[in-house]
>>> print(open('input.cif').read())   # mmCIF, C-alpha atoms
data_protein
loop_
_atom_site.group_PDB
_atom_site.id
_atom_site.type_symbol
_atom_site.label_atom_id
_atom_site.label_comp_id
_atom_site.auth_asym_id
_atom_site.auth_seq_id
_atom_site.Cartn_x
_atom_site.Cartn_y
_atom_site.Cartn_z
ATOM 1 C CA LEU R 109 76.989 40.487 45.292
ATOM 2 C CA GLU R 110 75.649 41.348 41.853
ATOM 3 C CA TYR R 111 74.896 39.018 38.951
ATOM 4 C CA ALA R 112 73.501 39.522 35.486
ATOM 5 C CA PRO R 113 70.165 37.773 34.845
ATOM 6 C CA SER R 114 71.925 35.289 32.580
ATOM 7 C CA GLU R 115 74.212 34.305 35.481
ATOM 8 C CA ILE R 116 71.257 33.126 37.577
ATOM 9 C CA VAL R 117 69.535 29.788 36.935
ATOM 10 C CA LEU R 118 66.132 29.182 38.546
ATOM 11 C CA SER R 119 65.435 25.535 39.343
ATOM 12 C CA ASN R 120 62.843 23.305 40.970
ATOM 13 C CA GLY R 121 64.305 23.795 44.432
ATOM 14 C CA ALA R 122 67.803 24.451 45.755
ATOM 15 C CA LYS R 123 68.392 20.689 45.770
ATOM 16 C CA GLN R 124 68.272 20.657 41.986
ATOM 17 C CA SER R 125 70.551 23.710 41.892
ATOM 18 C CA VAL R 126 73.165 21.956 44.040
ATOM 19 C CA ALA R 127 73.006 18.748 41.984
ATOM 20 C CA GLN R 128 73.356 20.611 38.688
ATOM 21 C CA GLY R 129 76.230 22.668 40.066
ATOM 22 C CA VAL R 130 78.099 19.496 40.999
ATOM 23 C CA ILE R 131 77.357 17.758 37.692
ATOM 24 C CA ALA R 132 78.356 20.831 35.673
ATOM 25 C CA THR R 133 81.752 21.173 37.326
ATOM 26 C CA CYS R 134 82.830 17.631 38.224
ATOM 27 C CA GLY R 135 83.384 14.315 36.504
ATOM 28 C CA PRO R 136 85.229 11.007 36.755
ATOM 29 C CA GLY R 137 88.616 11.382 38.427
ATOM 30 C CA ASP R 138 87.594 14.502 40.353
ATOM 31 C CA GLU R 139 87.374 14.740 44.124
ATOM 32 C CA VAL R 140 84.793 16.821 45.981
ATOM 33 C CA ILE R 141 85.556 17.984 49.515
ATOM 34 C CA VAL R 142 82.498 17.449 51.734
ATOM 35 C CA PRO R 143 82.796 18.586 55.369
ATOM 36 C CA ALA R 144 80.904 16.393 57.837
ATOM 37 C CA PRO R 145 78.322 16.753 59.178
ATOM 38 C CA TYR R 146 76.866 17.215 55.719
ATOM 39 C CA TRP R 147 73.435 17.358 54.174
ATOM 40 C CA VAL R 148 72.592 13.768 53.272
ATOM 41 C CA SER R 149 72.495 14.279 49.494
ATOM 42 C CA TYR R 150 75.922 15.865 48.976
ATOM 43 C CA PRO R 151 78.010 12.654 48.732
ATOM 44 C CA GLU R 152 75.487 10.970 46.451
ATOM 45 C CA MET R 153 75.329 13.993 44.150
ATOM 46 C CA CYS R 154 79.105 13.736 43.793
ATOM 47 C CA ARG R 155 78.837 10.066 42.872
ATOM 48 C CA LEU R 156 76.097 10.816 40.338
ATOM 49 C CA ALA R 157 78.571 13.164 38.649
ATOM 50 C CA GLY R 158 81.175 10.378 38.596
ATOM 51 C CA ALA R 159 83.308 12.200 41.159
ATOM 52 C CA GLU R 160 84.555 10.905 44.502
ATOM 53 C CA PRO R 161 83.364 12.588 47.717
ATOM 54 C CA VAL R 162 86.168 13.191 50.213
ATOM 55 C CA VAL R 163 84.510 13.519 53.614
ATOM 56 C CA VAL R 164 86.373 15.690 56.109
ATOM 57 C CA THR R 165 85.111 15.169 59.644
ATOM 58 C CA THR R 166 84.593 18.130 61.949
ATOM 59 C CA THR R 167 83.787 17.830 65.634
ATOM 60 C CA ALA R 168 81.530 19.460 68.194
ATOM 61 C CA ASP R 169 84.639 20.942 69.828
ATOM 62 C CA GLU R 170 85.398 22.645 66.486
ATOM 63 C CA GLY R 171 81.845 23.953 66.275
ATOM 64 C CA PHE R 172 81.298 21.566 63.332
ATOM 65 C CA LEU R 173 83.244 24.024 61.141
ATOM 66 C CA LEU R 174 85.846 23.128 58.532
ATOM 67 C CA THR R 175 89.172 24.809 59.270
ATOM 68 C CA ALA R 176 91.639 26.034 56.676
ATOM 69 C CA GLU R 177 94.197 23.582 58.029
ATOM 70 C CA LYS R 178 91.912 20.577 57.589
ATOM 71 C CA LEU R 179 91.010 21.689 54.083
ATOM 72 C CA LYS R 180 94.646 22.101 53.125
ATOM 73 C CA SER R 181 95.469 18.606 54.407
ATOM 74 C CA VAL R 182 93.133 16.835 51.943
ATOM 75 C CA LEU R 183 93.752 18.823 48.754
ATOM 76 C CA ASN R 184 95.614 17.364 45.793
ATOM 77 C CA GLU R 185 95.655 17.591 41.998
ATOM 78 C CA LYS R 186 92.296 15.758 41.835
ATOM 79 C CA SER R 187 90.502 18.264 44.075
ATOM 80 C CA ARG R 188 87.838 20.030 42.030
ATOM 81 C CA LEU R 189 85.067 21.287 44.319
ATOM 82 C CA LEU R 190 84.499 22.225 47.956
ATOM 83 C CA ILE R 191 80.910 22.214 49.224
ATOM 84 C CA LEU R 192 80.218 24.679 52.048
ATOM 85 C CA CYS R 193 76.831 24.966 53.755
ATOM 86 C CA THR R 194 76.340 27.988 56.001
ATOM 87 C CA PRO R 195 74.207 28.057 58.067
ATOM 88 C CA SER R 196 74.531 24.315 58.203
ATOM 89 C CA ASN R 197 72.014 21.551 57.902
ATOM 90 C CA PRO R 198 72.244 19.546 60.185
ATOM 91 C CA SER R 199 74.345 21.360 62.795
ATOM 92 C CA GLY R 200 73.158 24.971 62.569
ATOM 93 C CA ALA R 201 76.812 26.079 62.511
ATOM 94 C CA VAL R 202 77.566 29.442 60.890
ATOM 95 C CA TYR R 203 80.920 30.332 59.316
ATOM 96 C CA SER R 204 82.200 33.766 60.290
ATOM 97 C CA GLU R 205 83.711 36.084 57.692
ATOM 98 C CA ALA R 206 87.149 35.416 59.195
ATOM 99 C CA ALA R 207 86.715 31.639 58.938
ATOM 100 C CA LEU R 208 85.596 31.926 55.316
ATOM 101 C CA ALA R 209 88.500 34.267 54.517
ATOM 102 C CA ALA R 210 90.948 31.674 55.857
ATOM 103 C CA ILE R 211 89.365 29.009 53.649
ATOM 104 C CA ALA R 212 89.512 31.390 50.668
ATOM 105 C CA ASP R 213 93.267 31.750 51.191
ATOM 106 C CA VAL R 214 93.596 27.988 50.757
ATOM 107 C CA VAL R 215 91.322 27.999 47.690
ATOM 108 C CA ARG R 216 93.500 30.671 46.033
ATOM 109 C CA SER R 217 96.527 28.398 46.291
ATOM 110 C CA HIS R 218 94.727 25.671 44.294
ATOM 111 C CA PRO R 219 93.733 27.188 40.923
ATOM 112 C CA ARG R 220 91.587 24.203 39.912
ATOM 113 C CA LEU R 221 89.473 24.234 43.072
ATOM 114 C CA LEU R 222 85.949 25.679 42.954
ATOM 115 C CA VAL R 223 83.456 26.271 45.772
ATOM 116 C CA LEU R 224 79.745 25.495 45.875
ATOM 117 C CA ALA R 225 78.225 27.661 48.624
ATOM 118 C CA ASP R 226 74.847 26.378 49.809
ATOM 119 C CA GLU R 227 73.265 29.365 51.564
ATOM 120 C CA ILE R 228 69.645 28.203 51.739
ATOM 121 C CA TYR R 229 69.364 29.147 55.453
ATOM 122 C CA GLU R 230 70.849 32.608 54.895
ATOM 123 C CA HIS R 231 68.126 34.559 56.722
ATOM 124 C CA ILE R 232 67.706 32.155 59.656
ATOM 125 C CA ILE R 233 70.651 33.311 61.770
ATOM 126 C CA TYR R 234 70.598 34.373 65.401
ATOM 127 C CA PRO R 235 72.559 37.335 66.812
ATOM 128 C CA PRO R 236 75.400 37.911 67.315
ATOM 129 C CA ALA R 237 76.116 35.620 64.346
ATOM 130 C CA SER R 238 75.675 37.059 60.848
ATOM 131 C CA HIS R 239 75.721 35.747 57.314
ATOM 132 C CA PHE R 240 78.557 36.334 54.874
ATOM 133 C CA SER R 241 78.595 35.012 51.311
ATOM 134 C CA PHE R 242 81.745 33.198 50.268
ATOM 135 C CA ALA R 243 81.567 34.685 46.765
ATOM 136 C CA ALA R 244 81.867 38.186 48.264
ATOM 137 C CA LEU R 245 85.449 37.527 49.373
ATOM 138 C CA PRO R 246 88.210 38.987 47.159
ATOM 139 C CA GLY R 247 88.775 36.856 44.080
ATOM 140 C CA MET R 248 86.121 34.285 45.012
ATOM 141 C CA ARG R 249 83.195 35.365 42.834
ATOM 142 C CA GLU R 250 84.730 33.746 39.752
ATOM 143 C CA ARG R 251 85.431 30.537 41.719
ATOM 144 C CA THR R 252 82.058 30.169 43.441
ATOM 145 C CA LEU R 253 78.640 28.763 42.597
ATOM 146 C CA THR R 254 76.170 30.171 45.139
ATOM 147 C CA VAL R 255 72.909 28.310 45.788
ATOM 148 C CA ASN R 256 69.878 29.703 47.573
ATOM 149 C CA GLY R 257 66.103 29.383 47.480
ATOM 150 C CA PHE R 258 62.770 30.172 49.082
ATOM 151 C CA SER R 259 61.832 27.068 51.075
ATOM 152 C CA LYS R 260 63.564 27.995 54.341
ATOM 153 C CA SER R 261 63.787 31.787 54.664
ATOM 154 C CA PHE R 262 60.267 32.312 53.322
ATOM 155 C CA ALA R 263 58.700 29.080 54.624
ATOM 156 C CA MET R 264 57.872 28.034 51.051
ATOM 157 C CA THR R 265 58.705 24.344 51.306
ATOM 158 C CA GLY R 266 56.712 22.553 48.607
ATOM 159 C CA TRP R 267 56.751 25.456 46.160
ATOM 160 C CA ARG R 268 60.061 24.026 44.862
ATOM 161 C CA LEU R 269 61.977 27.111 43.781
ATOM 162 C CA GLY R 270 65.714 27.547 44.153
ATOM 163 C CA TYR R 271 68.469 29.216 42.208
ATOM 164 C CA LEU R 272 72.155 29.124 41.411
ATOM 165 C CA ALA R 273 74.215 32.276 40.823
ATOM 166 C CA ALA R 274 77.605 31.842 39.179
ATOM 167 C CA PRO R 275 79.949 33.220 36.505
ATOM 168 C CA GLN R 276 78.422 32.978 33.039
ATOM 169 C CA HIS R 277 80.190 29.805 31.877
ATOM 170 C CA PHE R 278 79.078 27.864 34.951
ATOM 171 C CA ALA R 279 75.537 29.240 34.789
ATOM 172 C CA THR R 280 75.308 28.306 31.113
ATOM 173 C CA ALA R 281 76.493 24.757 31.846
ATOM 174 C CA THR R 282 73.915 24.227 34.598
ATOM 175 C CA ALA R 283 71.156 25.689 32.407
ATOM 176 C CA LYS R 284 72.019 23.218 29.648
ATOM 177 C CA ILE R 285 71.739 20.307 32.082
ATOM 178 C CA GLN R 286 68.396 21.563 33.337
ATOM 179 C CA GLY R 287 67.187 22.131 29.789
ATOM 180 C CA GLN R 288 67.514 18.409 29.113
ATOM 181 C CA THR R 289 65.850 17.303 32.360
ATOM 182 C CA THR R 290 63.132 19.461 33.943
ATOM 183 C CA SER R 291 63.260 22.695 31.917
ATOM 184 C CA GLY R 292 62.125 25.749 33.873
ATOM 185 C CA PRO R 293 60.485 25.859 37.312
ATOM 186 C CA SER R 294 56.762 26.382 37.767
ATOM 187 C CA SER R 295 55.517 29.830 36.762
ATOM 188 C CA ILE R 296 53.118 29.709 39.721
ATOM 189 C CA SER R 297 56.037 29.242 42.117
ATOM 190 C CA GLN R 298 57.869 32.113 40.474
ATOM 191 C CA GLU R 299 54.887 34.413 41.070
ATOM 192 C CA ALA R 300 54.833 33.335 44.726
ATOM 193 C CA ALA R 301 58.564 34.067 44.985
ATOM 194 C CA LEU R 302 58.011 37.566 43.608
ATOM 195 C CA ALA R 303 55.488 38.134 46.379
ATOM 196 C CA ALA R 304 58.023 36.894 48.951
ATOM 197 C CA LEU R 305 60.720 39.221 47.627
ATOM 198 C CA GLY R 306 58.220 42.066 47.847
ATOM 199 C CA LEU R 307 58.100 41.683 51.641
ATOM 200 C CA GLY R 308 61.208 43.852 51.898
ATOM 201 C CA LYS R 309 64.892 43.467 52.711
ATOM 202 C CA PHE R 310 65.669 40.154 54.441
ATOM 203 C CA GLY R 311 61.995 39.229 54.132
ATOM 204 C CA GLY R 312 60.702 42.201 56.084
ATOM 205 C CA GLU R 313 58.573 41.909 59.200
ATOM 206 C CA PRO R 314 57.072 38.443 58.469
ATOM 207 C CA VAL R 315 60.510 36.802 58.261
ATOM 208 C CA ALA R 316 61.727 38.737 61.317
ATOM 209 C CA VAL R 317 58.772 37.429 63.320
ATOM 210 C CA MET R 318 59.405 33.885 62.088
ATOM 211 C CA LYS R 319 63.100 34.100 62.971
ATOM 212 C CA ALA R 320 62.297 35.376 66.469
ATOM 213 C CA ALA R 321 59.988 32.393 66.984
ATOM 214 C CA PHE R 322 62.728 30.016 65.817
ATOM 215 C CA GLN R 323 65.240 31.605 68.197
ATOM 216 C CA LYS R 324 62.820 31.192 71.102
ATOM 217 C CA ARG R 325 62.307 27.528 70.196
ATOM 218 C CA ARG R 326 66.044 26.992 69.775
ATOM 219 C CA ASP R 327 66.667 28.349 73.271
ATOM 220 C CA TYR R 328 63.934 26.162 74.742
ATOM 221 C CA VAL R 329 65.110 22.977 73.017
ATOM 222 C CA TYR R 330 68.734 23.698 73.910
ATOM 223 C CA GLU R 331 67.950 24.226 77.600
ATOM 224 C CA ARG R 332 65.879 21.051 77.808
ATOM 225 C CA LEU R 333 68.499 18.897 76.053
ATOM 226 C CA VAL R 334 71.574 20.046 77.975
ATOM 227 C CA ALA R 335 69.750 19.191 81.202
ATOM 228 C CA ILE R 336 69.754 15.511 80.166
ATOM 229 C CA ASP R 337 72.724 13.538 81.502
ATOM 230 C CA GLY R 338 74.866 12.320 78.604
ATOM 231 C CA VAL R 339 73.945 15.019 76.073
ATOM 232 C CA ARG R 340 76.574 17.479 74.794
ATOM 233 C CA LEU R 341 75.371 20.483 72.832
ATOM 234 C CA GLU R 342 76.310 24.061 71.975
ATOM 235 C CA ALA R 343 73.522 26.417 70.964
ATOM 236 C CA PRO R 344 73.460 26.562 67.135
ATOM 237 C CA GLU R 345 73.772 29.967 65.478
ATOM 238 C CA GLY R 346 71.491 29.346 62.505
ATOM 239 C CA ALA R 347 68.940 27.151 60.690
ATOM 240 C CA PHE R 348 66.325 25.309 62.778
ATOM 241 C CA TYR R 349 68.115 22.196 63.974
ATOM 242 C CA VAL R 350 70.087 21.086 66.984
ATOM 243 C CA PHE R 351 72.729 18.394 66.559
ATOM 244 C CA PRO R 352 73.579 17.033 70.010
ATOM 245 C CA ASP R 353 76.451 14.656 70.675
ATOM 246 C CA VAL R 354 74.872 11.654 72.403
ATOM 247 C CA SER R 355 77.993 9.512 72.776
ATOM 248 C CA GLY R 356 77.393 9.632 76.551
ATOM 249 C CA LEU R 357 74.105 7.798 76.032
ATOM 250 C CA VAL R 358 75.253 4.970 73.778
ATOM 251 C CA GLY R 359 77.839 2.212 73.673
ATOM 252 C CA ASP R 360 79.094 -0.283 76.233
ATOM 253 C CA GLY R 361 76.810 -0.627 79.226
ATOM 254 C CA CYS R 362 73.981 1.513 77.845
ATOM 255 C CA GLU R 363 70.657 -0.279 78.001
ATOM 256 C CA ALA R 364 66.949 0.589 78.026
ATOM 257 C CA ASP R 365 64.292 -1.337 79.929
ATOM 258 C CA GLY R 366 62.119 -3.358 77.585
ATOM 259 C CA PHE R 367 64.347 -2.596 74.612
ATOM 260 C CA GLY R 368 67.844 -3.837 75.288
ATOM 261 C CA PRO R 369 71.371 -2.532 74.606
ATOM 262 C CA ILE R 370 71.807 0.855 72.926
ATOM 263 C CA ALA R 371 74.955 0.421 70.871
ATOM 264 C CA ASP R 372 74.891 3.662 68.899
ATOM 265 C CA ALA R 373 72.837 6.728 67.945
ATOM 266 C CA ASP R 374 70.929 4.702 65.362
ATOM 267 C CA ALA R 375 69.732 2.360 68.100
ATOM 268 C CA LEU R 376 68.955 5.335 70.347
ATOM 269 C CA CYS R 377 66.749 6.862 67.650
ATOM 270 C CA GLU R 378 65.021 3.510 67.151
ATOM 271 C CA TYR R 379 64.414 3.245 70.898
ATOM 272 C CA LEU R 380 62.991 6.785 71.144
ATOM 273 C CA LEU R 381 60.764 6.111 68.130
ATOM 274 C CA GLU R 382 59.467 2.839 69.562
ATOM 275 C CA LYS R 383 59.099 3.797 73.218
ATOM 276 C CA ALA R 384 58.583 7.575 73.174
ATOM 277 C CA GLN R 385 57.075 7.789 69.679
ATOM 278 C CA VAL R 386 59.386 10.689 68.817
ATOM 279 C CA ALA R 387 61.065 10.654 65.414
ATOM 280 C CA LEU R 388 64.682 11.874 65.281
ATOM 281 C CA VAL R 389 67.354 11.478 62.596
ATOM 282 C CA PRO R 390 70.551 9.600 63.537
ATOM 283 C CA GLY R 391 73.796 11.423 62.843
ATOM 284 C CA SER R 392 75.102 8.555 60.725
ATOM 285 C CA ALA R 393 72.959 9.945 57.894
ATOM 286 C CA PHE R 394 75.022 13.134 58.062
ATOM 287 C CA GLY R 395 78.451 11.558 58.516
ATOM 288 C CA CYS R 396 78.558 12.016 62.322
ATOM 289 C CA PRO R 397 77.438 8.756 63.958
ATOM 290 C CA GLU R 398 77.911 10.107 67.499
ATOM 291 C CA CYS R 399 75.159 12.716 67.041
ATOM 292 C CA LEU R 400 71.491 12.991 66.149
ATOM 293 C CA ARG R 401 69.429 15.757 64.575
ATOM 294 C CA ILE R 402 66.340 17.357 66.031
ATOM 295 C CA SER R 403 64.307 19.914 64.088
ATOM 296 C CA TYR R 404 62.595 22.651 66.070
ATOM 297 C CA ALA R 405 60.506 23.791 63.091
ATOM 298 C CA ALA R 406 57.421 22.742 65.035
ATOM 299 C CA SER R 407 54.919 24.330 67.384
ATOM 300 C CA ASP R 408 55.831 25.125 70.985
ATOM 301 C CA GLU R 409 53.296 22.546 72.151
ATOM 302 C CA THR R 410 54.731 19.813 69.934
ATOM 303 C CA LEU R 411 58.288 20.545 71.066
ATOM 304 C CA LYS R 412 57.316 20.455 74.742
ATOM 305 C CA GLU R 413 55.513 17.136 74.327
ATOM 306 C CA ALA R 414 58.409 15.631 72.365
ATOM 307 C CA LEU R 415 61.021 16.729 74.902
ATOM 308 C CA ASP R 416 58.890 15.524 77.807
ATOM 309 C CA ARG R 417 58.761 12.109 76.152
ATOM 310 C CA ILE R 418 62.502 12.059 75.412
ATOM 311 C CA GLU R 419 63.281 13.077 78.997
ATOM 312 C CA ALA R 420 61.049 10.344 80.393
ATOM 313 C CA ALA R 421 62.524 7.700 78.075
ATOM 314 C CA LEU R 422 66.054 8.641 79.183
ATOM 315 C CA ASP R 423 65.274 8.805 82.891
ATOM 316 C CA SER R 424 67.790 6.803 84.946
ATOM 317 C CA LYS R 425 64.957 4.610 86.257
ATOM 318 C CA VAL R 426 64.456 3.096 82.799
ATOM 319 C CA TYR R 427 67.657 3.956 80.946
ATOM 320 C CA LYS R 428 71.058 2.773 82.086
ATOM 321 C CA ARG R 429 74.112 4.774 81.019
ATOM 322 C CA GLY R 430 77.512 3.103 80.597
ATOM 323 C CA GLY R 431 79.474 2.884 83.815
ATOM 324 C CA LYS R 432 76.463 3.872 85.950
#
>>> encode(input="input.cif", output="structure tokens")
Amino acid sequence: LEYAPSEIVLSNGAKQSVAQGVIATCGPGDEVIVPAPYWVSYPEMCRLAGAEPVVVTTTADEGFLLTAEKLKSVLNEKSRLLILCTPSNPSGAVYSEAALAAIADVVRSHPRLLVLADEIYEHIIYPPASHFSFAALPGMRERTLTVNGFSKSFAMTGWRLGYLAAPQHFATATAKIQGQTTSGPSSISQEAALAALGLGKFGGEPVAVMKAAFQKRRDYVYERLVAIDGVRLEAPEGAFYVFPDVSGLVGDGCEADGFGPIADADALCEYLLEKAQVALVPGSAFGCPECLRISYAASDETLKEALDRIEAALDSKVYKRGGK
């Protein structure tokens, strides 16, 4: 993909880039297609723009990936924007080129529909999966606003530098919004980003080493979690999260000693926080109440301690599963 400098808008983090992309393209009466699980801010950004988020649920059996058929089923004359996040926060799911091409076929049949592609985890992908930009598909560059940044791939969280790349009219619109809010991003952060880009293609050796460490941690966390009765999980292909389905651990008959009934994943997270002192994020925040999110962007020692505590808290001696 190639863009002119004027087609790229630097912002104070990719979060600002996403919000401005939504506000620049949507308004009252518009609908925004948001596949679930979604990053927590997407629906609220739509509402800030006056648009209505249309949440389309995907399942673990589908790999938490939106299919062309599901997309087609929710489109109408109000449909204005589709938000795609690959690799995904929270699930770590990665869309293949074939899956994106099928979605692009649907987009072509709806001339008013645009796509916001959030690709902030672009370089954190584990073989054999690979990244493919939606805007690189035939005819999609002019329909796509691509968002990326430095916080994930270059471990620059806190430097607050992201960017949006889009056709000139969309880039100009987002720049006008930013010009009346925050103006430009920090010059210090921009100098740091130049240093990051100087590491080489795909971040060079430092990013390769970081990605290898993440893959090792992913494998460790995955193996520990799937060994727990009641947890369903496929190994994610990107990002640094796992998003297990814990429906086998919650609901009727599930109860923890000294805590009480565990009705849902929210209660499970509260129990693990109180009893194991491990903080997890319930899937309800991401539109999938049967799941929870665990980040493995932590040291090996921290992950081992956390999983030891989770395992102990879910041991059958202290935790009763439904029907058992």
>>> resolve_selection(input="input.cif", expression="the PyMOL selection byres ((chain R and resi 226) around 8)", output="PyMOL selection string")
chain R and resi 126+191-194+224-225+227-228+254-256
>>> closest_residue(input="input.cif", among="R:Asp353, R:Glu177, R:Glu313, R:Glu230", to="Asp213 of chain R", atoms="all atoms listed in the file")
R:Glu177
>>> resolve_selection(input="input.cif", expression="the PyMOL selection byres ((chain R and resi 413-418) around 9)", output="short mmCIF file (atom, residue, chain, number, x, y, z; two decimals) with C-alpha atoms, in the frame of the given file")
data_model
loop_
_atom_site.label_atom_id
_atom_site.label_comp_id
_atom_site.auth_asym_id
_atom_site.auth_seq_id
_atom_site.Cartn_x
_atom_site.Cartn_y
_atom_site.Cartn_z
CA VAL R 329 65.11 22.98 73.02
CA ARG R 332 65.88 21.05 77.81
CA LEU R 333 68.50 18.90 76.05
CA LEU R 380 62.99 6.78 71.14
CA LYS R 383 59.10 3.80 73.22
CA ALA R 384 58.58 7.58 73.17
CA GLN R 385 57.08 7.79 69.68
CA VAL R 386 59.39 10.69 68.82
CA ALA R 387 61.06 10.65 65.41
CA ASP R 408 55.83 25.12 70.98
CA GLU R 409 53.30 22.55 72.15
CA THR R 410 54.73 19.81 69.93
CA LEU R 411 58.29 20.54 71.07
CA LYS R 412 57.32 20.45 74.74
CA GLU R 419 63.28 13.08 79.00
CA ALA R 420 61.05 10.34 80.39
CA ALA R 421 62.52 7.70 78.08
CA LEU R 422 66.05 8.64 79.18
CA ASP R 423 65.27 8.80 82.89
#
>>> residues_around(input="input.cif", residues="His277 of chain R", least_positions_apart="5", cutoff="12 Å", atoms="all atoms listed in the file", output="list in words")
Ser114, Glu115, Ile116, Val117, Gly129, Ala132, Thr133, Glu250, Arg251, Thr252, Leu253, Thr282, Ala283 and Lys284 of chain R
>>> closest_residue(input="input.cif", among="R:Ala112, R:Leu156, R:Ala373, R:Ile232", to="Phe394 of chain R", atoms="only C-alpha atoms")
R:Ala373
>>> resolve_selection(input="input.cif", expression="the PyMOL selection byres ((chain R and resi 210) around 12)", output="PyMOL selection string")
chain R and resi 174-180+203-209+211-217+242+245-246
>>> residues_around(input="input.cif", residues="Ala157 of chain R", least_positions_apart="3", cutoff="8 Å", atoms="all atoms listed in the file", output="PDB file with C-alpha atoms, in the frame of the given file")
ATOM      1  CA  VAL R 130      78.099  19.496  40.999  1.00  0.00           C
ATOM      2  CA  ILE R 131      77.357  17.758  37.692  1.00  0.00           C
ATOM      3  CA  CYS R 134      82.830  17.631  38.224  1.00  0.00           C
ATOM      4  CA  GLY R 135      83.384  14.315  36.504  1.00  0.00           C
ATOM      5  CA  PRO R 136      85.229  11.007  36.755  1.00  0.00           C
ATOM      6  CA  MET R 153      75.329  13.993  44.150  1.00  0.00           C
ATOM      7  CA  CYS R 154      79.105  13.736  43.793  1.00  0.00           C
TER       8      CYS R 154
END
>>> closest_residue(input="input.cif", among="R:Phe310, R:Gln288, R:Pro275, R:Lys425", to="Arg249 of chain R", atoms="only C-alpha atoms")
R:Pro275
>>> residues_around(input="input.cif", residues="segment 293-302 of chain R", least_positions_apart="3", cutoff="6 Å", atoms="all atoms listed in the file", output="ChimeraX atom specification")
/R:119-120,267,305
>>> atom_distance(input="input.cif", atom1="atom CA of Gly346 of chain R", atom2="atom CA of Pro161 of chain R")
25.3 Å
>>> atom_distance(input="input.cif", atom1="atom CA of Asp360 of chain R", atom2="atom CA of Asp372 of chain R")
9.3 Å
>>> atom_distance(input="input.cif", atom1="atom CA of Phe262 of chain R", atom2="atom CA of Gly311 of chain R")
7.2 Å
>>> closest_residue(input="input.cif", among="R:Lys309, R:Leu357, R:Gly292, R:Ile402", to="Arg268 of chain R", atoms="only C-alpha atoms")
R:Gly292
>>> closest_residue(input="input.cif", among="R:Ser196, R:Pro236, R:Leu221, R:Ala159", to="Asn184 of chain R", atoms="all atoms listed in the file")
R:Leu221
>>> residues_around(input="input.cif", residues="Phe258 of chain R", least_positions_apart="3", cutoff="7 Å", atoms="only C-alpha atoms", output="PDB file with C-alpha atoms, keeping the file's coordinate frame")
ATOM      1  CA  SER R 261      63.787  31.787  54.664  1.00  0.00           C
ATOM      2  CA  PHE R 262      60.267  32.312  53.322  1.00  0.00           C
ATOM      3  CA  ALA R 263      58.700  29.080  54.624  1.00  0.00           C
ATOM      4  CA  MET R 264      57.872  28.034  51.051  1.00  0.00           C
ATOM      5  CA  LEU R 269      61.977  27.111  43.781  1.00  0.00           C
ATOM      6  CA  GLY R 270      65.714  27.547  44.153  1.00  0.00           C
TER       7      GLY R 270
END
>>> closest_residue(input="input.cif", among="R:Gly338, R:Ala274, R:Leu222, R:Pro151", to="Ser187 of chain R", atoms="all atoms listed in the file")
R:Leu222
>>> axis_aligned_box(input="input.cif", around="segment 186-201 of chain R", padding_each_side="5 Å", output="JSON")
{"center_x": 82.2, "center_y": 21.9, "center_z": 52.3, "size_x": 30.3, "size_y": 22.3, "size_z": 31.0}
>>> residues_around(input="input.cif", residues="Ser407 of chain R", least_positions_apart="6", cutoff="12 Å", atoms="only C-alpha atoms", output="PyMOL selection string")
chain R and resi 318+321-322+324-326+328-329+413-414
